[in-house]
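Data block below; observations after.
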Amino acid sequence: MKTAVIMSRVSTDEQAKTGYSLDIQEKALSDYCTQNDIKVVRKIREDHSAKNFDRPEYKKYLEFAKKNKNKVDYLLVTTWDRFSRNTTDSYEMIRRLKGYGVEVQAIQQPLDLSIPESKVLLAIYLTMPHVDNERRSIKVKEGMRAALKAGRWTGKAPRGYRNGRDENNKPMLYQTEEAILFKYAFEEFAKGTKTQAQILDELSSRGVSIRKNTFSLMLRNPLYCGKLRIRALKDEPEHLVEGKHEAIISEETFITVQDLLVEYRKDTKHPRYHTRRDELPLRGFLQCNACGKKMTGSASKSRNGNKHFYYHCNHCRSTRYRAGDVNESVIKLLESISLTSEVEELFNHIIQSVFNEHKVSDAKEKELATKKLDQLNEQVERLDGLLLSGKLKIEDYNSIKEKLTVQLNNLKSKQQTRETEKSEFELYLSKGIGLLKHFGSAYKSYDLDGKHQLLGSTFPEKLIFDGKKCRTKKINDVVSLIVKIDKGLKNTKKKQAGKKTDLFTIVGPTGFEPVTPCL
């Protein structure tokens, strides 16, 4: 009889969702094992995010798997996102568990991993939750940026302030007892008679301990004069907005401090280094092939005044290459990553199928949201009736009405977000496939930030240039898998011309149609 460990997991934001509870997952896993004559030897229940495997219960299981090597056959989860929501870590953990004799399987998304083509579908199952996490992160950042534009600080309060909430339950900064001392520090520095070190000594004597670097950043922070800095993003330049919090110092004092800091920088006569250069997009991504340390880049002036850019190693000082040669080598490396039309068709079909699976749960969530919306509207109508009949005071009416309105707006906002995500799916799909087809040309068309994002997501380790070509010890698991499958399909095409539909007959049984248990 085969043996298995069953694992159910839910994160804090998923606990309220239908079908995600630990009990429902555990019952589904237990029923599956009973139907397939599998003995359950251990049960794991987790309430941690799956962004990584640094989870208490999972660590205990890993020790169990190591001690019971080759004694347990499977680690079972309901779906792959219950196992992990991090693509790279998932591949590494699957390989590690395989070394212990354990096969990871999702009972609702079963895969026969002995078939190479099934790993394409595994890549999709593991990547979709990862993308979902990143999409949530983007939305959180957008929300924080919107709050900043509205004049509200949403991060940890800086020294001299504490985090709180206003009468509308919105984020607000309030001054602490230290505020008066920091006001004194700004004003003393603005006089130009004391250094930062002298002012820090005074603060220390009054019981305020603060690091020099922290104090230097404070002096440059416009938050203390009642303004918030909005960082540049895309076409939007950096600018300041009025904050909702009370300023500790005046705007005039802050401007005087900034002028003094600029003058001090000039007086030090230290060069101001620019770490971002379009001619050196690989700075920070290259490893010296001689000593293994990180390389940097810089420009050299020729006798006629022209600038020539080089990547070089400041550690062993034995490696130096023309930037143009290295940049061109990386482009060639990226151009070697490409998709055939067969793989493109297969990926479109797989991703669309996975997306369709999510429509079922989306429909249930939409139905529940609609019912909740109807209930809230009915409550508002009854509330209006009670007010008109004189059974409810106007003060109580306003209080209850405000709470119901907040709930209604939140619910409508969530529905709009869900619809937006659905409508954006096709756009994301076409962009993603287009990138996989043309890595090299996409890289050349991107700005410096885009180049860095593409390099960072494609190559998890540093690039090494040996004087002729670039190489790397490791490529992103998903990209590596795509390249392997692509090459395999090219070989298949040469040997079996005209059998493009075979792609779907191979992968289909494990993902597109109801399947018999693969275990």
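By order in the structure tokens, chains are A, B, ...; within a chain, residues start at 1; ligands start at 1, following the order shown.
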query = Which neighbours of His315 of chain A fall inside 12 Å, counting only C-alpha atoms, when residues of the same chain fewer than 4 positions from it are skipped, and could you give them as a PyMOL selection string?
reply = chain A and resi 287-296+319-320
query = Near Ile249 of chain A, within 9 Å and counting only C-alpha atoms, which residues show up once chain neighbours fewer than 2 positions away are dropped, as a PyMOL selection string?
reply = chain A and resi 182-184+186-187+224-226+247+251-254
Close residues, segment 201-214 of chain A itself excluded, 8 Å, only C-alpha atoms, min 5 positions apart in chain, as a VMD selection string = chain A and resid 178 181 185 196
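Of the residues in segment 89-286 of chain A, those that DSSP places in strand (DSSP E) on the basis of the backbone are Glu103, Val104, Gln105, Ala106, Tyr161, Arg162, Asn163, Gly164, Arg165, Pro171, Met172, Leu173, Tyr174, Gln175, Lys227, Leu228, Arg229, Ile230, His239, Leu240, Val241, Glu242 and Leu286 of chain A.
Pairwise distance (atom CA of Arg85 of chain A, atom CA of His452 of chain A) equals 23.1 Å.
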Every residue of segment 21-150 of chain A that DSSP places in alpha helix (DSSP H), as a compact mmCIF listing (two decimals) with C-alpha atoms, in the first residue's frame:
# COMPACT_ATOMS: atom_id res chain seq x y z
CA LEU A 22 -8.43 23.79 6.28
CA ASP A 23 -11.26 21.37 7.08
CA ILE A 24 -12.54 21.32 3.50
CA GLN A 25 -9.04 20.72 2.11
CA GLU A 26 -8.26 17.99 4.65
CA LYS A 27 -11.53 16.16 3.94
CA ALA A 28 -10.93 16.26 0.17
CA LEU A 29 -7.41 14.88 0.64
CA SER A 30 -8.56 12.15 3.06
CA ASP A 31 -11.38 11.07 0.72
CA TYR A 32 -8.93 10.92 -2.18
CA CYS A 33 -6.56 8.67 -0.22
CA THR A 34 -9.43 6.38 0.80
CA GLN A 35 -10.64 6.04 -2.80
CA PRO A 56 6.92 26.37 10.95
CA GLU A 57 4.76 23.34 10.15
CA TYR A 58 6.42 22.76 6.80
CA LYS A 59 9.86 22.83 8.44
CA LYS A 60 8.69 20.09 10.82
CA TYR A 61 7.48 18.04 7.86
CA LEU A 62 10.82 18.49 6.07
CA GLU A 63 12.62 17.01 9.08
CA PHE A 64 10.10 14.15 9.09
CA ALA A 65 10.68 13.48 5.38
CA LYS A 66 14.44 13.50 5.89
CA LYS A 67 14.29 11.03 8.80
CA TRP A 80 -0.42 23.48 -6.50
CA ASP A 81 -0.87 26.93 -4.95
CA ARG A 82 -1.46 25.17 -1.59
CA PHE A 83 2.07 23.79 -1.91
CA THR A 87 7.93 29.36 -8.79
CA THR A 88 11.69 29.09 -8.28
CA ASP A 89 11.44 27.79 -4.69
CA SER A 90 8.83 25.23 -5.77
CA TYR A 91 11.11 23.61 -8.34
CA GLU A 92 13.95 23.44 -5.83
CA MET A 93 11.70 21.91 -3.15
CA ILE A 94 10.22 19.34 -5.57
CA ARG A 95 13.76 18.24 -6.43
CA ARG A 96 14.70 18.07 -2.76
CA LEU A 97 11.67 15.96 -1.81
CA LYS A 98 12.33 13.66 -4.76
CA GLY A 99 15.70 12.96 -3.16
CA SER A 118 3.59 17.52 -18.38
CA LYS A 119 6.23 19.81 -16.93
CA VAL A 120 4.91 22.58 -19.17
CA LEU A 121 1.61 22.39 -17.33
CA LEU A 122 3.46 22.21 -14.00
CA ALA A 123 5.23 25.45 -14.95
CA ILE A 124 1.85 27.09 -15.55
CA TYR A 125 0.35 25.80 -12.29
CA LEU A 126 3.35 27.07 -10.31
CA THR A 127 3.69 30.36 -12.17
CA MET A 128 0.04 31.48 -11.99
CA PRO A 129 0.03 31.83 -8.14
CA HIS A 130 3.43 33.57 -8.34
CA VAL A 131 2.03 36.06 -10.85
CA ASP A 132 -1.06 36.49 -8.67
CA ASN A 133 1.16 37.38 -5.68
CA GLU A 134 3.07 39.94 -7.72
CA ARG A 135 -0.18 41.39 -9.05
CA ARG A 136 -1.43 41.81 -5.45
CA SER A 137 1.86 43.46 -4.53
CA ILE A 138 1.45 45.93 -7.39
CA LYS A 139 -2.07 46.77 -6.25
CA VAL A 140 -0.88 47.31 -2.67
CA LYS A 141 1.84 49.67 -3.91
CA GLU A 142 -0.72 51.49 -6.06
CA GLY A 143 -2.96 51.87 -3.01
CA MET A 144 -0.09 53.22 -0.92
CA ARG A 145 0.86 55.66 -3.69
CA ALA A 146 -2.77 56.85 -3.91
CA ALA A 147 -2.79 57.40 -0.14
CA LEU A 148 0.43 59.41 -0.39
CA LYS A 149 -1.08 61.58 -3.10
inquiry  = Report as a ChimeraX atom specification all protein, DNA and RNA residues lying within 6 Å of Val40 of chain A, evaluated on only C-alpha atoms, omitting residues in the same chain fewer than 4 positions from it.
reply    = /A:3-5
ask   = Which residues come within 7 Å of Met1 of chain A, counting only C-alpha atoms, excluding same-chain residues fewer than 4 positions away, as JSON, numbers by chain?
value = {"A": [37, 38, 39]}
Can I get the selected residues back with N, CA, C and O atoms, as an mmCIF file, in the first residue's frame?
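Done, and the output landed in again-v3.cif:
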data_model
loop_
_atom_site.group_PDB
_atom_site.id
_atom_site.type_symbol
_atom_site.label_atom_id
_atom_site.label_comp_id
_atom_site.auth_asym_id
_atom_site.auth_seq_id
_atom_site.Cartn_x
_atom_site.Cartn_y
_atom_site.Cartn_z
ATOM 1 N N ASP A 37 -6.768 3.887 -2.100
ATOM 2 C CA ASP A 37 -6.066 2.912 -1.265
ATOM 3 C C ASP A 37 -4.677 3.421 -0.867
ATOM 4 O O ASP A 37 -3.670 2.719 -1.000
ATOM 5 N N ILE A 38 -4.627 4.673 -0.393
ATOM 6 C CA ILE A 38 -3.377 5.284 0.077
ATOM 7 C C ILE A 38 -3.493 5.516 1.581
ATOM 8 O O ILE A 38 -4.480 6.074 2.062
ATOM 9 N N LYS A 39 -2.488 5.112 2.323
ATOM 10 C CA LYS A 39 -2.498 5.259 3.778
ATOM 11 C C LYS A 39 -1.933 6.628 4.164
ATOM 12 O O LYS A 39 -0.837 6.998 3.767
#
key: Selected residue of minimal separation from Thr458 of chain A among A:Lys301, A:Thr472, A:Glu381, A:Val326, counting only C-alpha atoms   =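 Closest to Thr458 of chain A of all the choices is A:Thr472.
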